[in-house]
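Chemist: This is coords05.pdb, which holds PDB, C-alpha atoms:
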ATOM      1  CA  ASP A   1     137.651 -41.876  -2.486  1.00  0.00           C
ATOM      2  CA  THR A   2     139.410 -40.277  -5.434  1.00  0.00           C
ATOM      3  CA  GLY A   3     137.048 -37.355  -5.926  1.00  0.00           C
ATOM      4  CA  VAL A   4     134.738 -36.505  -8.803  1.00  0.00           C
ATOM      5  CA  SER A   5     135.502 -38.469 -11.954  1.00  0.00           C
ATOM      6  CA  GLN A   6     134.478 -37.538 -15.508  1.00  0.00           C
ATOM      7  CA  ASP A   7     134.707 -39.565 -18.670  1.00  0.00           C
ATOM      8  CA  PRO A   8     135.856 -39.028 -21.347  1.00  0.00           C
ATOM      9  CA  ARG A   9     138.370 -36.246 -20.776  1.00  0.00           C
ATOM     10  CA  HIS A  10     138.264 -35.216 -24.414  1.00  0.00           C
ATOM     11  CA  LYS A  11     135.717 -35.781 -27.170  1.00  0.00           C
ATOM     12  CA  ILE A  12     135.911 -34.694 -30.797  1.00  0.00           C
ATOM     13  CA  THR A  13     132.735 -35.220 -32.790  1.00  0.00           C
ATOM     14  CA  LYS A  14     131.276 -34.220 -36.122  1.00  0.00           C
ATOM     15  CA  ARG A  15     128.399 -31.759 -36.208  1.00  0.00           C
ATOM     16  CA  GLY A  16     125.081 -33.554 -35.987  1.00  0.00           C
ATOM     17  CA  GLN A  17     126.345 -36.523 -33.983  1.00  0.00           C
ATOM     18  CA  ASN A  18     125.156 -37.392 -30.475  1.00  0.00           C
ATOM     19  CA  VAL A  19     127.557 -37.482 -27.533  1.00  0.00           C
ATOM     20  CA  THR A  20     127.225 -38.674 -23.946  1.00  0.00           C
ATOM     21  CA  PHE A  21     129.365 -37.763 -20.973  1.00  0.00           C
ATOM     22  CA  ARG A  22     129.545 -39.485 -17.623  1.00  0.00           C
ATOM     23  CA  CYS A  23     130.181 -38.127 -14.134  1.00  0.00           C
ATOM     24  CA  ASP A  24     130.850 -40.157 -11.002  1.00  0.00           C
ATOM     25  CA  PRO A  25     130.481 -37.952  -7.910  1.00  0.00           C
ATOM     26  CA  ILE A  26     132.083 -38.392  -4.514  1.00  0.00           C
ATOM     27  CA  SER A  27     130.248 -41.396  -3.132  1.00  0.00           C
ATOM     28  CA  GLU A  28     128.435 -39.852  -0.164  1.00  0.00           C
ATOM     29  CA  HIS A  29     127.466 -36.640  -1.998  1.00  0.00           C
ATOM     30  CA  ASN A  30     123.772 -36.242  -2.668  1.00  0.00           C
ATOM     31  CA  ARG A  31     123.897 -33.265  -5.042  1.00  0.00           C
ATOM     32  CA  LEU A  32     125.384 -33.360  -8.501  1.00  0.00           C
ATOM     33  CA  TYR A  33     125.779 -30.367 -10.818  1.00  0.00           C
ATOM     34  CA  TRP A  34     126.648 -29.876 -14.479  1.00  0.00           C
ATOM     35  CA  TYR A  35     128.306 -26.663 -15.661  1.00  0.00           C
ATOM     36  CA  ARG A  36     129.592 -25.522 -19.037  1.00  0.00           C
ATOM     37  CA  GLN A  37     132.679 -23.372 -19.519  1.00  0.00           C
ATOM     38  CA  THR A  38     133.804 -21.660 -22.702  1.00  0.00           C
ATOM     39  CA  LEU A  39     137.262 -20.218 -23.246  1.00  0.00           C
ATOM     40  CA  GLY A  40     138.045 -17.256 -21.023  1.00  0.00           C
ATOM     41  CA  GLN A  41     134.749 -17.424 -19.153  1.00  0.00           C
ATOM     42  CA  GLY A  42     133.668 -18.732 -15.780  1.00  0.00           C
ATOM     43  CA  PRO A  43     131.561 -21.892 -15.619  1.00  0.00           C
ATOM     44  CA  GLU A  44     127.810 -21.493 -16.223  1.00  0.00           C
ATOM     45  CA  PHE A  45     125.201 -23.605 -14.489  1.00  0.00           C
ATOM     46  CA  LEU A  46     123.325 -26.152 -16.611  1.00  0.00           C
ATOM     47  CA  THR A  47     121.404 -28.431 -14.246  1.00  0.00           C
ATOM     48  CA  TYR A  48     121.517 -30.174 -10.889  1.00  0.00           C
ATOM     49  CA  PHE A  49     120.225 -33.261  -9.140  1.00  0.00           C
ATOM     50  CA  GLN A  50     119.473 -34.001  -5.541  1.00  0.00           C
ATOM     51  CA  ASN A  51     119.730 -37.757  -5.310  1.00  0.00           C
ATOM     52  CA  GLU A  52     117.941 -38.971  -8.465  1.00  0.00           C
ATOM     53  CA  ALA A  53     115.650 -35.953  -8.855  1.00  0.00           C
ATOM     54  CA  GLN A  54     116.556 -33.267 -11.380  1.00  0.00           C
ATOM     55  CA  LEU A  55     115.616 -30.088  -9.522  1.00  0.00           C
ATOM     56  CA  GLU A  56     116.581 -27.295 -11.880  1.00  0.00           C
ATOM     57  CA  LYS A  57     117.551 -26.780 -15.500  1.00  0.00           C
ATOM     58  CA  SER A  58     119.064 -23.612 -16.919  1.00  0.00           C
ATOM     59  CA  ARG A  59     117.667 -21.891 -19.986  1.00  0.00           C
ATOM     60  CA  LEU A  60     121.079 -22.708 -21.494  1.00  0.00           C
ATOM     61  CA  LEU A  61     119.972 -26.344 -21.602  1.00  0.00           C
ATOM     62  CA  SER A  62     118.169 -26.584 -24.930  1.00  0.00           C
ATOM     63  CA  ASP A  63     115.924 -29.491 -25.902  1.00  0.00           C
ATOM     64  CA  ARG A  64     118.969 -31.189 -27.425  1.00  0.00           C
ATOM     65  CA  PHE A  65     120.458 -31.629 -23.961  1.00  0.00           C
ATOM     66  CA  SER A  66     119.314 -34.241 -21.474  1.00  0.00           C
ATOM     67  CA  ALA A  67     120.746 -35.316 -18.157  1.00  0.00           C
ATOM     68  CA  GLU A  68     119.985 -38.263 -15.946  1.00  0.00           C
ATOM     69  CA  ARG A  69     121.086 -39.562 -12.580  1.00  0.00           C
ATOM     70  CA  PRO A  70     119.632 -43.039 -12.202  1.00  0.00           C
ATOM     71  CA  LYS A  71     119.542 -44.335  -8.634  1.00  0.00           C
ATOM     72  CA  GLY A  72     121.156 -41.143  -7.400  1.00  0.00           C
ATOM     73  CA  SER A  73     124.681 -42.293  -8.213  1.00  0.00           C
ATOM     74  CA  PHE A  74     126.515 -41.428 -11.444  1.00  0.00           C
ATOM     75  CA  SER A  75     125.079 -38.980 -13.963  1.00  0.00           C
ATOM     76  CA  THR A  76     125.092 -38.736 -17.741  1.00  0.00           C
ATOM     77  CA  LEU A  77     124.765 -35.671 -19.926  1.00  0.00           C
ATOM     78  CA  GLU A  78     123.718 -36.304 -23.518  1.00  0.00           C
ATOM     79  CA  ILE A  79     123.835 -33.783 -26.339  1.00  0.00           C
ATOM     80  CA  GLN A  80     121.876 -34.709 -29.455  1.00  0.00           C
ATOM     81  CA  ARG A  81     122.571 -33.308 -32.930  1.00  0.00           C
ATOM     82  CA  THR A  82     125.674 -31.451 -31.780  1.00  0.00           C
ATOM     83  CA  GLU A  83     126.406 -27.974 -33.103  1.00  0.00           C
ATOM     84  CA  GLN A  84     129.698 -26.076 -33.242  1.00  0.00           C
ATOM     85  CA  GLY A  85     128.403 -23.791 -30.498  1.00  0.00           C
ATOM     86  CA  ASP A  86     128.320 -26.777 -28.151  1.00  0.00           C
ATOM     87  CA  SER A  87     132.128 -26.857 -28.125  1.00  0.00           C
ATOM     88  CA  ALA A  88     133.116 -26.200 -24.518  1.00  0.00           C
ATOM     89  CA  MET A  89     134.392 -27.779 -21.313  1.00  0.00           C
ATOM     90  CA  TYR A  90     131.626 -29.638 -19.481  1.00  0.00           C
ATOM     91  CA  LEU A  91     132.249 -29.757 -15.755  1.00  0.00           C
ATOM     92  CA  CYS A  92     130.596 -31.888 -13.120  1.00  0.00           C
ATOM     93  CA  ALA A  93     130.554 -31.052  -9.420  1.00  0.00           C
ATOM     94  CA  SER A  94     129.175 -32.746  -6.340  1.00  0.00           C
ATOM     95  CA  THR A  95     128.333 -31.589  -2.828  1.00  0.00           C
ATOM     96  CA  LEU A  96     127.002 -32.994   0.390  1.00  0.00           C
ATOM     97  CA  ALA A  97     124.142 -30.587   0.986  1.00  0.00           C
ATOM     98  CA  ARG A  98     124.255 -29.378   4.560  1.00  0.00           C
ATOM     99  CA  ARG A  99     122.933 -26.040   5.710  1.00  0.00           C
ATOM    100  CA  LEU A 100     126.271 -24.593   6.779  1.00  0.00           C
ATOM    101  CA  ASN A 101     128.794 -26.161   4.477  1.00  0.00           C
ATOM    102  CA  THR A 102     128.145 -26.925   0.855  1.00  0.00           C
ATOM    103  CA  GLU A 103     131.668 -26.984  -0.511  1.00  0.00           C
ATOM    104  CA  ALA A 104     131.581 -28.035  -4.152  1.00  0.00           C
ATOM    105  CA  PHE A 105     134.143 -30.430  -5.597  1.00  0.00           C
ATOM    106  CA  PHE A 106     134.695 -30.515  -9.337  1.00  0.00           C
ATOM    107  CA  GLY A 107     135.898 -33.151 -11.749  1.00  0.00           C
ATOM    108  CA  GLN A 108     138.567 -32.628 -14.406  1.00  0.00           C
ATOM    109  CA  GLY A 109     135.928 -31.895 -17.039  1.00  0.00           C
ATOM    110  CA  THR A 110     135.165 -33.211 -20.501  1.00  0.00           C
ATOM    111  CA  ARG A 111     136.448 -31.045 -23.344  1.00  0.00           C
ATOM    112  CA  LEU A 112     134.054 -31.276 -26.305  1.00  0.00           C
ATOM    113  CA  THR A 113     135.103 -30.138 -29.758  1.00  0.00           C
ATOM    114  CA  VAL A 114     132.466 -30.180 -32.514  1.00  0.00           C
ATOM    115  CA  VAL A 115     133.952 -30.034 -36.030  1.00  0.00           C
TER     116      VAL A 115
ATOM    117  CA  LYS C   1     119.909 -11.976 -10.825  1.00  0.00           C
ATOM    118  CA  GLN C   2     123.278 -12.526  -9.124  1.00  0.00           C
ATOM    119  CA  GLU C   3     126.304 -11.208 -10.994  1.00  0.00           C
ATOM    120  CA  VAL C   4     129.907 -11.828  -9.993  1.00  0.00           C
ATOM    121  CA  THR C   5     132.799  -9.703 -11.193  1.00  0.00           C
ATOM    122  CA  GLN C   6     136.507 -10.320 -10.776  1.00  0.00           C
ATOM    123  CA  ILE C   7     139.107  -7.640 -11.161  1.00  0.00           C
ATOM    124  CA  PRO C   8     141.681  -7.639 -12.627  1.00  0.00           C
ATOM    125  CA  ALA C   9     141.121 -10.059 -15.498  1.00  0.00           C
ATOM    126  CA  ALA C  10     144.847 -10.744 -15.618  1.00  0.00           C
ATOM    127  CA  LEU C  11     147.741 -10.046 -13.278  1.00  0.00           C
ATOM    128  CA  SER C  12     151.477 -10.595 -13.635  1.00  0.00           C
ATOM    129  CA  VAL C  13     153.818 -10.190 -10.662  1.00  0.00           C
ATOM    130  CA  PRO C  14     157.387 -11.164  -9.763  1.00  0.00           C
ATOM    131  CA  GLU C  15     157.975 -14.190  -7.582  1.00  0.00           C
ATOM    132  CA  GLY C  16     157.894 -13.494  -3.854  1.00  0.00           C
ATOM    133  CA  GLU C  17     155.370 -10.670  -3.937  1.00  0.00           C
ATOM    134  CA  ASN C  18     152.185 -10.648  -1.928  1.00  0.00           C
ATOM    135  CA  LEU C  19     149.065 -10.062  -4.002  1.00  0.00           C
ATOM    136  CA  VAL C  20     145.316  -9.574  -3.726  1.00  0.00           C
ATOM    137  CA  LEU C  21     142.603 -10.778  -6.072  1.00  0.00           C
ATOM    138  CA  ASN C  22     139.192  -9.144  -5.938  1.00  0.00           C
ATOM    139  CA  CYS C  23     135.677 -10.498  -6.312  1.00  0.00           C
ATOM    140  CA  SER C  24     132.410  -8.565  -6.081  1.00  0.00           C
ATOM    141  CA  PHE C  25     128.820  -9.758  -6.220  1.00  0.00           C
ATOM    142  CA  THR C  26     125.559  -7.889  -6.623  1.00  0.00           C
ATOM    143  CA  ASP C  27     123.184  -9.793  -4.295  1.00  0.00           C
ATOM    144  CA  SER C  28     124.365 -10.018  -0.679  1.00  0.00           C
ATOM    145  CA  ALA C  29     121.894 -12.826   0.158  1.00  0.00           C
ATOM    146  CA  ILE C  30     124.424 -15.633  -0.189  1.00  0.00           C
ATOM    147  CA  TYR C  31     125.020 -18.860   1.720  1.00  0.00           C
ATOM    148  CA  ASN C  32     128.725 -19.019   1.025  1.00  0.00           C
ATOM    149  CA  LEU C  33     131.534 -17.937  -1.272  1.00  0.00           C
ATOM    150  CA  GLN C  34     134.127 -20.282  -2.674  1.00  0.00           C
ATOM    151  CA  TRP C  35     137.494 -19.616  -4.303  1.00  0.00           C
ATOM    152  CA  PHE C  36     138.818 -22.040  -6.902  1.00  0.00           C
ATOM    153  CA  ARG C  37     142.002 -22.501  -8.860  1.00  0.00           C
ATOM    154  CA  GLN C  38     141.976 -23.706 -12.467  1.00  0.00           C
ATOM    155  CA  ASP C  39     145.060 -24.778 -14.413  1.00  0.00           C
ATOM    156  CA  PRO C  40     144.890 -24.630 -18.227  1.00  0.00           C
ATOM    157  CA  GLY C  41     142.632 -27.327 -19.657  1.00  0.00           C
ATOM    158  CA  LYS C  42     141.859 -28.743 -16.226  1.00  0.00           C
ATOM    159  CA  GLY C  43     138.962 -28.797 -13.813  1.00  0.00           C
ATOM    160  CA  LEU C  44     138.489 -26.606 -10.738  1.00  0.00           C
ATOM    161  CA  THR C  45     140.297 -27.154  -7.457  1.00  0.00           C
ATOM    162  CA  SER C  46     138.594 -25.784  -4.353  1.00  0.00           C
ATOM    163  CA  LEU C  47     140.857 -23.480  -2.350  1.00  0.00           C
ATOM    164  CA  LEU C  48     138.692 -21.930   0.345  1.00  0.00           C
ATOM    165  CA  LEU C  49     135.024 -21.834   1.339  1.00  0.00           C
ATOM    166  CA  ILE C  50     133.722 -18.935   3.421  1.00  0.00           C
ATOM    167  CA  GLN C  51     130.290 -19.354   4.956  1.00  0.00           C
ATOM    168  CA  SER C  52     128.049 -16.295   5.017  1.00  0.00           C
ATOM    169  CA  SER C  53     128.496 -15.915   8.788  1.00  0.00           C
ATOM    170  CA  GLN C  54     132.297 -15.897   8.536  1.00  0.00           C
ATOM    171  CA  ARG C  55     134.634 -12.998   7.790  1.00  0.00           C
ATOM    172  CA  GLU C  56     137.688 -14.911   6.608  1.00  0.00           C
ATOM    173  CA  GLN C  57     139.325 -18.278   6.041  1.00  0.00           C
ATOM    174  CA  THR C  58     142.983 -19.212   5.841  1.00  0.00           C
ATOM    175  CA  SER C  59     144.806 -22.112   4.242  1.00  0.00           C
ATOM    176  CA  GLY C  60     148.585 -21.985   4.155  1.00  0.00           C
ATOM    177  CA  ARG C  61     149.673 -18.917   2.185  1.00  0.00           C
ATOM    178  CA  LEU C  62     146.078 -18.134   1.182  1.00  0.00           C
ATOM    179  CA  ASN C  63     143.666 -15.926   3.069  1.00  0.00           C
ATOM    180  CA  ALA C  64     140.170 -15.135   1.849  1.00  0.00           C
ATOM    181  CA  SER C  65     137.954 -12.460   3.334  1.00  0.00           C
ATOM    182  CA  LEU C  66     134.251 -11.816   2.935  1.00  0.00           C
ATOM    183  CA  ASP C  67     132.309  -8.587   3.437  1.00  0.00           C
ATOM    184  CA  LYS C  68     128.783  -9.699   2.653  1.00  0.00           C
ATOM    185  CA  SER C  69     127.146  -6.326   3.217  1.00  0.00           C
ATOM    186  CA  SER C  70     129.310  -4.640   0.606  1.00  0.00           C
ATOM    187  CA  GLY C  71     129.309  -7.634  -1.730  1.00  0.00           C
ATOM    188  CA  ARG C  72     133.065  -8.120  -1.770  1.00  0.00           C
ATOM    189  CA  SER C  73     135.639 -10.818  -1.217  1.00  0.00           C
ATOM    190  CA  THR C  74     139.406 -10.799  -1.546  1.00  0.00           C
ATOM    191  CA  LEU C  75     141.907 -13.614  -1.938  1.00  0.00           C
ATOM    192  CA  TYR C  76     145.314 -12.755  -0.512  1.00  0.00           C
ATOM    193  CA  ILE C  77     148.294 -14.828  -1.653  1.00  0.00           C
ATOM    194  CA  ALA C  78     151.465 -14.402   0.375  1.00  0.00           C
ATOM    195  CA  ALA C  79     154.990 -14.930  -0.943  1.00  0.00           C
ATOM    196  CA  SER C  80     153.842 -15.892  -4.429  1.00  0.00           C
ATOM    197  CA  GLN C  81     155.579 -18.740  -6.274  1.00  0.00           C
ATOM    198  CA  PRO C  82     155.664 -19.695  -9.984  1.00  0.00           C
ATOM    199  CA  GLY C  83     153.498 -22.708  -9.120  1.00  0.00           C
ATOM    200  CA  ASP C  84     150.722 -20.309  -8.123  1.00  0.00           C
ATOM    201  CA  SER C  85     150.289 -19.354 -11.789  1.00  0.00           C
ATOM    202  CA  ALA C  86     146.735 -20.300 -12.748  1.00  0.00           C
ATOM    203  CA  THR C  87     143.269 -18.803 -13.182  1.00  0.00           C
ATOM    204  CA  TYR C  88     141.511 -18.018  -9.921  1.00  0.00           C
ATOM    205  CA  LEU C  89     137.718 -18.091  -9.859  1.00  0.00           C
ATOM    206  CA  CYS C  90     135.322 -16.983  -7.179  1.00  0.00           C
ATOM    207  CA  ALA C  91     131.765 -18.256  -6.962  1.00  0.00           C
ATOM    208  CA  VAL C  92     128.812 -17.496  -4.708  1.00  0.00           C
ATOM    209  CA  GLU C  93     125.974 -19.765  -3.707  1.00  0.00           C
ATOM    210  CA  GLY C  94     122.631 -18.199  -2.951  1.00  0.00           C
ATOM    211  CA  GLY C  95     119.081 -19.367  -2.421  1.00  0.00           C
ATOM    212  CA  ALA C  96     119.037 -20.997  -5.848  1.00  0.00           C
ATOM    213  CA  GLN C  97     121.507 -23.589  -4.524  1.00  0.00           C
ATOM    214  CA  LYS C  98     123.887 -23.297  -7.429  1.00  0.00           C
ATOM    215  CA  LEU C  99     127.193 -21.506  -7.897  1.00  0.00           C
ATOM    216  CA  VAL C 100     127.433 -18.275  -9.863  1.00  0.00           C
ATOM    217  CA  PHE C 101     130.970 -17.675 -11.071  1.00  0.00           C
ATOM    218  CA  GLY C 102     133.025 -14.673 -11.981  1.00  0.00           C
ATOM    219  CA  GLN C 103     135.093 -14.720 -15.156  1.00  0.00           C
ATOM    220  CA  GLY C 104     138.296 -15.342 -13.251  1.00  0.00           C
ATOM    221  CA  THR C 105     141.662 -13.656 -12.807  1.00  0.00           C
ATOM    222  CA  ARG C 106     144.532 -15.137 -14.801  1.00  0.00           C
ATOM    223  CA  LEU C 107     147.601 -14.946 -12.560  1.00  0.00           C
ATOM    224  CA  THR C 108     151.181 -15.245 -13.777  1.00  0.00           C
ATOM    225  CA  ILE C 109     154.071 -15.362 -11.322  1.00  0.00           C
ATOM    226  CA  ASN C 110     157.382 -14.555 -12.998  1.00  0.00           C
ATOM    227  CA  PRO C 111     160.520 -16.278 -11.643  1.00  0.00           C
TER     228      PRO C 111
END
Kindly return the structure encoded in the file as structure tokens.
Modeler:
Amino acid sequence: DTGVSQDPRHKITKRGQNVTFRCDPISEHNRLYWYRQTLGQGPEFLTYFQNEAQLEKSRLLSDRFSAERPKGSFSTLEIQRTEQGDSAMYLCASTLARRLNTEAFFGQGTRLTVV
Amino acid sequence: KQEVTQIPAALSVPEGENLVLNCSFTDSAIYNLQWFRQDPGKGLTSLLLIQSSQREQTSGRLNASLDKSSGRSTLYIAASQPGDSATYLCAVEGGAQKLVFGQGTRLTINP
């Protein structure tokens, strides 16, 4: 297994357009997380799934954001009507949720620039 | 609400020196603490995971310690090399089952 994979790596879009990002987690991992990171800051939690169920969404996730994880495998994050403030690195992570060891593995991220 | 702070925000040292990065957190009820490395424009690479019942973990030239009661962790890097230059992030996982990150320490190792 090659780890967590994200696509695309970079996306430039015009304000008002919709964008969709994909994350493929490590195959046996049952939890998948989305984080957002702006320049000079640590990543901030957006949402997470356990299998196909979306268990928590941050207040950062406005109504323009939606995430899915059909069949508990890959996940997509869609941003509708993008705004310049959405420009950031979007990071995906996966874990195999066990009580004693929940090491998180991250993908390379998708860098979104809204112009 | 859990808050994680990393000091210093930036650090520059000559090659070969040993160094310590600091991480503090406000809520001691954590499951584990994880240290990551991030190169510019890249994702996060996991370095070390310390479970709440552990005091330290070692991997090569890296040693991370955890003092849960005081809300502190340190990452010790021995014999630093230019390739160690990166941003180092610590993150804690608590009952909310998500990671809360510090802002990172940007480390530069000068040849």
Chemist: Hey, what comes out of the ChimeraX specification (/C :<8) & /A on this file? Could you write it as JSON, numbers by chain?
Modeler: {"A": [40, 41, 42, 43, 44, 45, 91, 100, 101, 102, 103, 104, 105, 106, 107, 108, 109]}
Chemist: Restricting it to C-alpha atoms, dump the selection as an mmCIF file, in the coordinates of the input.
Modeler:
data_model
loop_
_atom_site.group_PDB
_atom_site.id
_atom_site.type_symbol
_atom_site.label_atom_id
_atom_site.label_comp_id
_atom_site.auth_asym_id
_atom_site.auth_seq_id
_atom_site.Cartn_x
_atom_site.Cartn_y
_atom_site.Cartn_z
ATOM 1 C CA GLY A 40 138.045 -17.256 -21.023
ATOM 2 C CA GLN A 41 134.749 -17.424 -19.153
ATOM 3 C CA GLY A 42 133.668 -18.732 -15.780
ATOM 4 C CA PRO A 43 131.561 -21.892 -15.619
ATOM 5 C CA GLU A 44 127.810 -21.493 -16.223
ATOM 6 C CA PHE A 45 125.201 -23.605 -14.489
ATOM 7 C CA LEU A 91 132.249 -29.757 -15.755
ATOM 8 C CA LEU A 100 126.271 -24.593 6.779
ATOM 9 C CA ASN A 101 128.794 -26.161 4.477
ATOM 10 C CA THR A 102 128.145 -26.925 0.855
ATOM 11 C CA GLU A 103 131.668 -26.984 -0.511
ATOM 12 C CA ALA A 104 131.581 -28.035 -4.152
ATOM 13 C CA PHE A 105 134.143 -30.430 -5.597
ATOM 14 C CA PHE A 106 134.695 -30.515 -9.337
ATOM 15 C CA GLY A 107 135.898 -33.151 -11.749
ATOM 16 C CA GLN A 108 138.567 -32.628 -14.406
ATOM 17 C CA GLY A 109 135.928 -31.895 -17.039
#
Chemist: For the structure shown, which residues end up in the PyMOL selection byres ((chain A and resi 22) around 9)? Put them as a PyMOL selection string, please?
Modeler: chain A and resi 5-8+20-21+23-24+74-78+92+110
Chemist: Please return, as a list of chain:residue names, all polymer residues that have at least one atom within 10 Å of the point (155.6, -17.2, -11.9); use all atoms listed in the file and the file's own coordinate frame.
Modeler: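 Within the cut-off we find C:Ser12, C:Val13, C:Pro14, C:Glu15, C:Gly16, C:Ser80, C:Gln81, C:Pro82, C:Gly83, C:Asp84, C:Ser85, C:Ala86, C:Leu107, C:Thr108, C:Ile109, C:Asn110, C:Pro111.
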Chemist: If you count only C-alpha atoms, which residues fall within 12 Å of Leu60 (chain A), apart from same-chain ones fewer than 6 positions away, as a PyMOL selection string?
Modeler: chain A and resi 34-37+44-47+66+85-86
Chemist: Give me the residues within 10 Å of Gln50 (chain A) as a count of residues only, counting all atoms listed in the file and dropping any in the same chain fewer than 2 places off.
Modeler: 17
Chemist: One decimal, Å: what's the distance from CA of Leu112 (chain A) over to CA of Thr82 (chain A), could you say?
Modeler: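 Between CA of Leu112 (chain A) and CA of Thr82 (chain A) the gap is 10.0 Å.
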Chemist: Using the chain letters and numbers from the file, which residues does the PyMOL selection byres ((chain A and resi 113) around 10) grab, as a list in words?
Modeler: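 When the PyMOL selection byres ((chain A and resi 113) around 10) is applied to the shown file, the picked residues are His10, Lys11, Ile12, Thr13, Lys14, Arg15, Thr82, Glu83, Gln84, Gly85, Asp86, Ser87, Ala88, Met89, Thr110, Arg111, Leu112, Val114 and Val115 of chain A.
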Chemist: Pick out the residues sitting within 9 Å of region 57-63 of chain C, and hand them over as a ChimeraX atom specification; count all atoms listed in the file, and ignore anything fewer than 2 positions along from it in its own chain.
Modeler: /C:47-50,54-55,65-66,74-80
Chemist: By how many Å are CA of Lys1 (chain C) and CA of Ile30 (chain C) apart?
Modeler: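 Distance between the two atoms: 12.1 Å.
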Chemist: Quick one: distance from CA of Trp35 (chain C) to CA of Ile7 (chain C) in Å, one decimal?
Modeler: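 Taking CA of Trp35 (chain C) and CA of Ile7 (chain C), their separation equals 13.9 Å.
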Chemist: Taking only C-alpha atoms into account, name the residue in A:Asn51, A:Asp63, A:Ser73, A:Arg81 that is nearest to Ser27 (chain A).
Modeler: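 Closest residue, counting only C-alpha atoms: A:Ser73.
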Chemist: Could you give me, as a VMD selection string, the residues that sit within 6 Å of (134.0, -36.6, -5.6) in the file's coordinates, counting only C-alpha atoms?
Modeler: chain A and resid 3 to 4 25 to 26
Chemist: Go through A:Asn18, A:Glu28, A:Tyr90, A:Ile79 one by one, measure the shortest atom-to-atom distance of each to Ala67 (chain A) using all atoms listed in the file, and give the residue with the smallest value.
Modeler: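 Looking at the shortest contact to Ala67 (chain A), the residue is A:Ile79.
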Chemist: Could you complete region 90-105 of chain C so that it carries N, CA and C atoms, and give it back as a PDB file, in the coordinates of the input?
Modeler:
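Output below, filename selection26.pdb:
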ATOM      1  N   CYS C  90     136.169 -17.011  -8.364  1.00  0.00           N
ATOM      2  CA  CYS C  90     135.322 -16.983  -7.179  1.00  0.00           C
ATOM      3  C   CYS C  90     133.894 -17.297  -7.601  1.00  0.00           C
ATOM      4  N   ALA C  91     133.141 -17.878  -6.685  1.00  0.00           N
ATOM      5  CA  ALA C  91     131.765 -18.256  -6.962  1.00  0.00           C
ATOM      6  C   ALA C  91     130.944 -18.091  -5.694  1.00  0.00           C
ATOM      7  N   VAL C  92     129.703 -17.653  -5.852  1.00  0.00           N
ATOM      8  CA  VAL C  92     128.812 -17.496  -4.708  1.00  0.00           C
ATOM      9  C   VAL C  92     127.633 -18.443  -4.854  1.00  0.00           C
ATOM     10  N   GLU C  93     127.167 -18.932  -3.733  1.00  0.00           N
ATOM     11  CA  GLU C  93     125.974 -19.765  -3.707  1.00  0.00           C
ATOM     12  C   GLU C  93     124.898 -19.017  -2.948  1.00  0.00           C
ATOM     13  N   GLY C  94     123.751 -18.867  -3.590  1.00  0.00           N
ATOM     14  CA  GLY C  94     122.631 -18.199  -2.951  1.00  0.00           C
ATOM     15  C   GLY C  94     121.465 -19.137  -2.773  1.00  0.00           C
ATOM     16  N   GLY C  95     120.264 -18.554  -2.664  1.00  0.00           N
ATOM     17  CA  GLY C  95     119.081 -19.367  -2.421  1.00  0.00           C
ATOM     18  C   GLY C  95     118.775 -20.352  -3.529  1.00  0.00           C
ATOM     19  N   ALA C  96     119.296 -20.107  -4.716  1.00  0.00           N
ATOM     20  CA  ALA C  96     119.037 -20.997  -5.848  1.00  0.00           C
ATOM     21  C   ALA C  96     119.867 -22.271  -5.783  1.00  0.00           C
ATOM     22  N   GLN C  97     120.743 -22.362  -4.771  1.00  0.00           N
ATOM     23  CA  GLN C  97     121.507 -23.589  -4.524  1.00  0.00           C
ATOM     24  C   GLN C  97     122.387 -23.991  -5.689  1.00  0.00           C
ATOM     25  N   LYS C  98     122.902 -23.029  -6.408  1.00  0.00           N
ATOM     26  CA  LYS C  98     123.887 -23.297  -7.429  1.00  0.00           C
ATOM     27  C   LYS C  98     124.930 -22.185  -7.364  1.00  0.00           C
ATOM     28  N   LEU C  99     126.100 -22.479  -7.912  1.00  0.00           N
ATOM     29  CA  LEU C  99     127.193 -21.506  -7.897  1.00  0.00           C
ATOM     30  C   LEU C  99     127.086 -20.559  -9.083  1.00  0.00           C
ATOM     31  N   VAL C 100     127.314 -19.283  -8.807  1.00  0.00           N
ATOM     32  CA  VAL C 100     127.433 -18.275  -9.863  1.00  0.00           C
ATOM     33  C   VAL C 100     128.876 -17.799  -9.844  1.00  0.00           C
ATOM     34  N   PHE C 101     129.533 -17.932 -10.981  1.00  0.00           N
ATOM     35  CA  PHE C 101     130.970 -17.675 -11.071  1.00  0.00           C
ATOM     36  C   PHE C 101     131.274 -16.307 -11.666  1.00  0.00           C
ATOM     37  N   GLY C 102     132.428 -15.771 -11.255  1.00  0.00           N
ATOM     38  CA  GLY C 102     133.025 -14.673 -11.981  1.00  0.00           C
ATOM     39  C   GLY C 102     133.794 -15.221 -13.181  1.00  0.00           C
ATOM     40  N   GLN C 103     134.384 -14.292 -13.958  1.00  0.00           N
ATOM     41  CA  GLN C 103     135.093 -14.720 -15.156  1.00  0.00           C
ATOM     42  C   GLN C 103     136.525 -15.144 -14.861  1.00  0.00           C
ATOM     43  N   GLY C 104     136.972 -14.894 -13.626  1.00  0.00           N
ATOM     44  CA  GLY C 104     138.296 -15.342 -13.251  1.00  0.00           C
ATOM     45  C   GLY C 104     139.373 -14.280 -13.407  1.00  0.00           C
ATOM     46  N   THR C 105     140.446 -14.463 -12.664  1.00  0.00           N
ATOM     47  CA  THR C 105     141.662 -13.656 -12.807  1.00  0.00           C
ATOM     48  C   THR C 105     142.789 -14.600 -13.195  1.00  0.00           C
TER      49      THR C 105
END
